[in-house]
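What follows is one structure encoded as structure tokens, with my remarks underneath.
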Amino acid sequence: MSYVTHLEAAIDGTRLAFDELQTLHEGRPLWVRYDLEAVGAAMTKQAVADRAPTMWRYKELLPVVDESKIATLGEGMSPMLRCDRLGAALGLRDLWVKDESQLPTGSFKSRGLAMAISRANELGVERVAIPTAGNAGGAMAAYAARVGMEAYVFMPADTPIVNQYEAAYYGAKAFLVDGLINDCGAIVREGIPHMGWFDVSTLKEPYRIEGKKTMGLELAEQFDWSLPDVILYPTGGGTGLIGMWKAFAELAEIGWLADERRPRMVSCQSDGCAPISTAWEAGNRFAEPFPDATTAASGLRVPVAVGDFMILDAVNESGGQARSCPEQSLLDWARRGAELEGIAFAPETGACLGVLEMLVAEKAIDPDERVVVFNTGAAQKYVEVIGTEPLPQLPTPTDWDALG
Ligand SMILES: *Cc1c(COP(=O)(O)O)cnc(C)c1O
């Protein structure tokens, strides 16, 4: 059972069939469209509340037809944590973190890949391939393993070591490429006729957006169907930001939102790789490839995003911004956040905190506004980043005075 009516090309509105494998149209991504009137009639808040705490609780707004084909590791319903100590450090009184570090494979990539692999499984795919900056490869490998699919993962040679190991650990054929994620993407694209795999790259198939959309659905449910004032999202390919903005539109359409308020969506990057903020600041709808992309926040090291206009449209429709913060500020804020709140902040999230500091200073955010930051991954996956300062020789406890 599914309420999907068709797929729609984001660039020109062309309708495409839902019941076959689809990729891009005119080189650009697709939207999944639902019969929202029927969804509104079939789905109730109480029914959702009574279901298991995973992202699949919103099944009427999701694209899987045959539930037996779902690849799941229990992903979804990540905690929404109030952060008063970090809020005080940033000058905010109503700061929240949606902590995606606790999801399977330690990042929010599990949402998108669970959905993409489930649909691919449903449509008979037996071999998948992905270019990855890190976490997507591990997530795809895990979900492919879950349904017995063959997985190929291509990543830059300097991808965090945990990402390299996890892809291999889940049984994928994993490869290191001398280049960036777009070079990995070229290998996946060129390999299609030789290897017969299905390309699960960010936004190159329609369903990763639908998986990431569940972050917006959950956030709404966790705030009793009323949305916050501002959402900060660390942007690489932009799937999550695009997906959440879609979620809010769909919830509004089925009449579930308590009021008219929509969050200002803030896309956050590092100044070491800032194609989206550069385009936004120039007032452009499409982004130029960012030269010499470097950042320790590997998930943000995406110099070219095929959904650039979808990110920028969502940011602009929401009255938000696309900004970047200095690379050092991102690293400092991630660590400071971890010390203040005990949350395993990923370096990517540090970009949100760095941008948040800038926006508060510019008075673009009022101290009493409700602000939500997405912690998209777990610090534990970035051992070489968080361990850049060599660990001090930890002492053996002797007498109380020495404990400090
Ligand atoms: C992939 C990734 C991002 C960027 O997500 P997009 O949806 O591609 O913009 C941010 N943070 C982490 C930890 C990631 O793995």
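Just remember, in the structure tokens the first chain shown is A, the second B, etc., residues are 1-based per chain, and ligands are 1-based in the order shown.
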
* Asked: Near Trp197 (chain A), counting only C-alpha atoms, which residues have an atom at most 10 Å away, once you skip same-chain residues fewer than 5 positions from it, shown as a list in words?
  ->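 Selected residues are Val125, Glu126, Arg127, Val128, Ala129, Ile130, Glu150, Ala151, Tyr152, Val188, Arg189, Gly191 and Ile192 of chain A.
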
* Can you tell me, as a PyMOL selection string, what residues are no more than 12 Å from region 48-53 of chain A when counting only C-alpha atoms, ignoring any on the same chain fewer than 6 positions away? -> chain A and resi 42+59-61+74-79+214+217-218+221-222+224

Can you build me a table of chain A residues sitting at most 7 Å from ligand 1, with the closest atom pair per residue and its distance in Å to one decimal, using only C-alpha atoms and all ligand atoms, sorted by chain and residue number, as CSV?
residue,atom,partner,partner_atom_place_in_ligand_line,distance
A:Ser107,CA,ligand 1,13 (C),5.8
A:Phe108,CA,ligand 1,15 (O),6.8
A:Lys109,CA,ligand 1,15 (O),6.1
A:Gly134,CA,ligand 1,15 (O),6.4
A:Asn135,CA,ligand 1,15 (O),4.6
A:Ala136,CA,ligand 1,15 (O),6.3
A:Thr202,CA,ligand 1,8 (O),6.7
A:Pro234,CA,ligand 1,10 (C),5.0
A:Thr235,CA,ligand 1,9 (O),3.7
A:Gly236,CA,ligand 1,9 (O),3.5
A:Gly237,CA,ligand 1,8 (O),3.5
A:Gly238,CA,ligand 1,9 (O),3.2
A:Thr239,CA,ligand 1,7 (O),3.8
A:Gly240,CA,ligand 1,7 (O),4.3
A:Leu241,CA,ligand 1,7 (O),6.7
A:Gly299,CA,ligand 1,2 (C),3.9
A:Leu300,CA,ligand 1,4 (C),5.5
A:Ala346,CA,ligand 1,13 (C),6.1
A:Glu348,CA,ligand 1,11 (N),4.9
A:Thr349,CA,ligand 1,11 (N),6.7
A:Thr376,CA,ligand 1,13 (C),4.5
A:Gly377,CA,ligand 1,13 (C),3.9

The selected residues should be written to file as a short mmCIF file (atom, residue, chain, number, x, y, z; two decimals), in the first residue's frame (atoms: N, CA and C atoms).
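Saved as again_37.cif:
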data_model
loop_
_atom_site.label_atom_id
_atom_site.label_comp_id
_atom_site.auth_asym_id
_atom_site.auth_seq_id
_atom_site.Cartn_x
_atom_site.Cartn_y
_atom_site.Cartn_z
N SER A 107 25.04 7.93 12.13
CA SER A 107 24.74 9.20 11.46
C SER A 107 23.35 9.16 10.87
N PHE A 108 22.85 10.33 10.50
CA PHE A 108 21.51 10.43 9.91
C PHE A 108 21.45 9.90 8.49
N LYS A 109 22.61 9.49 7.94
CA LYS A 109 22.59 8.87 6.62
C LYS A 109 21.75 7.60 6.63
N GLY A 134 31.90 9.79 3.30
CA GLY A 134 32.15 9.06 4.54
C GLY A 134 30.95 8.26 5.02
N ASN A 135 30.02 8.93 5.68
CA ASN A 135 28.95 8.21 6.37
C ASN A 135 27.94 7.53 5.46
N ALA A 136 27.72 8.06 4.27
CA ALA A 136 26.74 7.45 3.38
C ALA A 136 27.17 6.04 2.97
N THR A 202 23.73 10.67 -3.67
CA THR A 202 22.83 11.70 -3.14
C THR A 202 21.98 12.32 -4.24
N PRO A 234 23.71 21.26 8.71
CA PRO A 234 25.01 21.23 8.04
C PRO A 234 24.85 20.64 6.64
N THR A 235 25.17 21.41 5.63
CA THR A 235 24.82 21.05 4.26
C THR A 235 25.98 20.55 3.43
N GLY A 236 25.82 19.33 2.92
CA GLY A 236 26.73 18.79 1.92
C GLY A 236 25.95 18.76 0.62
N GLY A 237 25.29 17.61 0.38
CA GLY A 237 24.40 17.49 -0.78
C GLY A 237 23.05 18.15 -0.55
N GLY A 238 22.70 18.35 0.72
CA GLY A 238 21.50 19.10 1.06
C GLY A 238 20.22 18.29 1.21
N THR A 239 20.32 16.96 1.11
CA THR A 239 19.11 16.11 1.16
C THR A 239 18.22 16.39 2.36
N GLY A 240 18.82 16.56 3.52
CA GLY A 240 18.03 16.71 4.74
C GLY A 240 17.27 18.02 4.76
N LEU A 241 17.92 19.08 4.33
CA LEU A 241 17.26 20.39 4.33
C LEU A 241 16.10 20.38 3.33
N GLY A 299 31.59 15.25 5.81
CA GLY A 299 30.25 15.21 5.21
C GLY A 299 29.90 16.50 4.48
N LEU A 300 30.65 17.56 4.73
CA LEU A 300 30.39 18.84 4.07
C LEU A 300 31.35 19.07 2.90
N ALA A 346 29.39 15.94 15.95
CA ALA A 346 30.25 15.72 14.78
C ALA A 346 30.81 17.07 14.33
N GLU A 348 30.69 18.33 11.49
CA GLU A 348 29.69 18.97 10.62
C GLU A 348 28.77 19.87 11.43
N THR A 349 28.36 19.37 12.60
CA THR A 349 27.45 20.15 13.46
C THR A 349 28.14 21.41 13.97
N THR A 376 24.21 15.73 13.08
CA THR A 376 23.96 14.75 12.04
C THR A 376 24.78 13.46 12.17
N GLY A 377 25.83 13.50 12.99
CA GLY A 377 26.66 12.30 13.10
C GLY A 377 27.33 12.23 14.46
#

Just the residues within 9 Å of Leu123 (chain A), please, counting only C-alpha atoms, with nothing from its chain fewer than 5 positions along; format it as a compact mmCIF listing (two decimals) with N, CA and C atoms, in the first residue's frame.
# COMPACT_ATOMS: atom_id res chain seq x y z
N ASP A 19 6.47 3.21 -10.52
CA ASP A 19 6.67 1.77 -10.37
C ASP A 19 7.87 1.23 -11.14
N GLU A 20 8.77 2.11 -11.59
CA GLU A 20 10.02 1.62 -12.17
C GLU A 20 11.20 2.40 -11.60
N LEU A 21 12.41 1.85 -11.80
CA LEU A 21 13.61 2.51 -11.28
C LEU A 21 13.80 3.84 -11.98
N SER A 118 15.46 0.20 0.56
CA SER A 118 14.15 -0.47 0.61
C SER A 118 13.46 -0.39 -0.74

* **Point-to-point distance in Å for CA of Val230 (chain A) and CA of Ala282 (chain A)** =>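 Separating CA of Ala282 (chain A) from CA of Val230 (chain A) is a distance of 22.1 Å.
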
* Asked: CA of Pro131 (chain A) and CA of Glu327 (chain A), how far apart in Å?
  -> 23.9 Å

* Asked: Between CA of Gly13 (chain A) and CA of Glu317 (chain A), what is the distance, to one decimal in Å?
  ->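 That distance, rounded to one decimal, is 18.2 Å.
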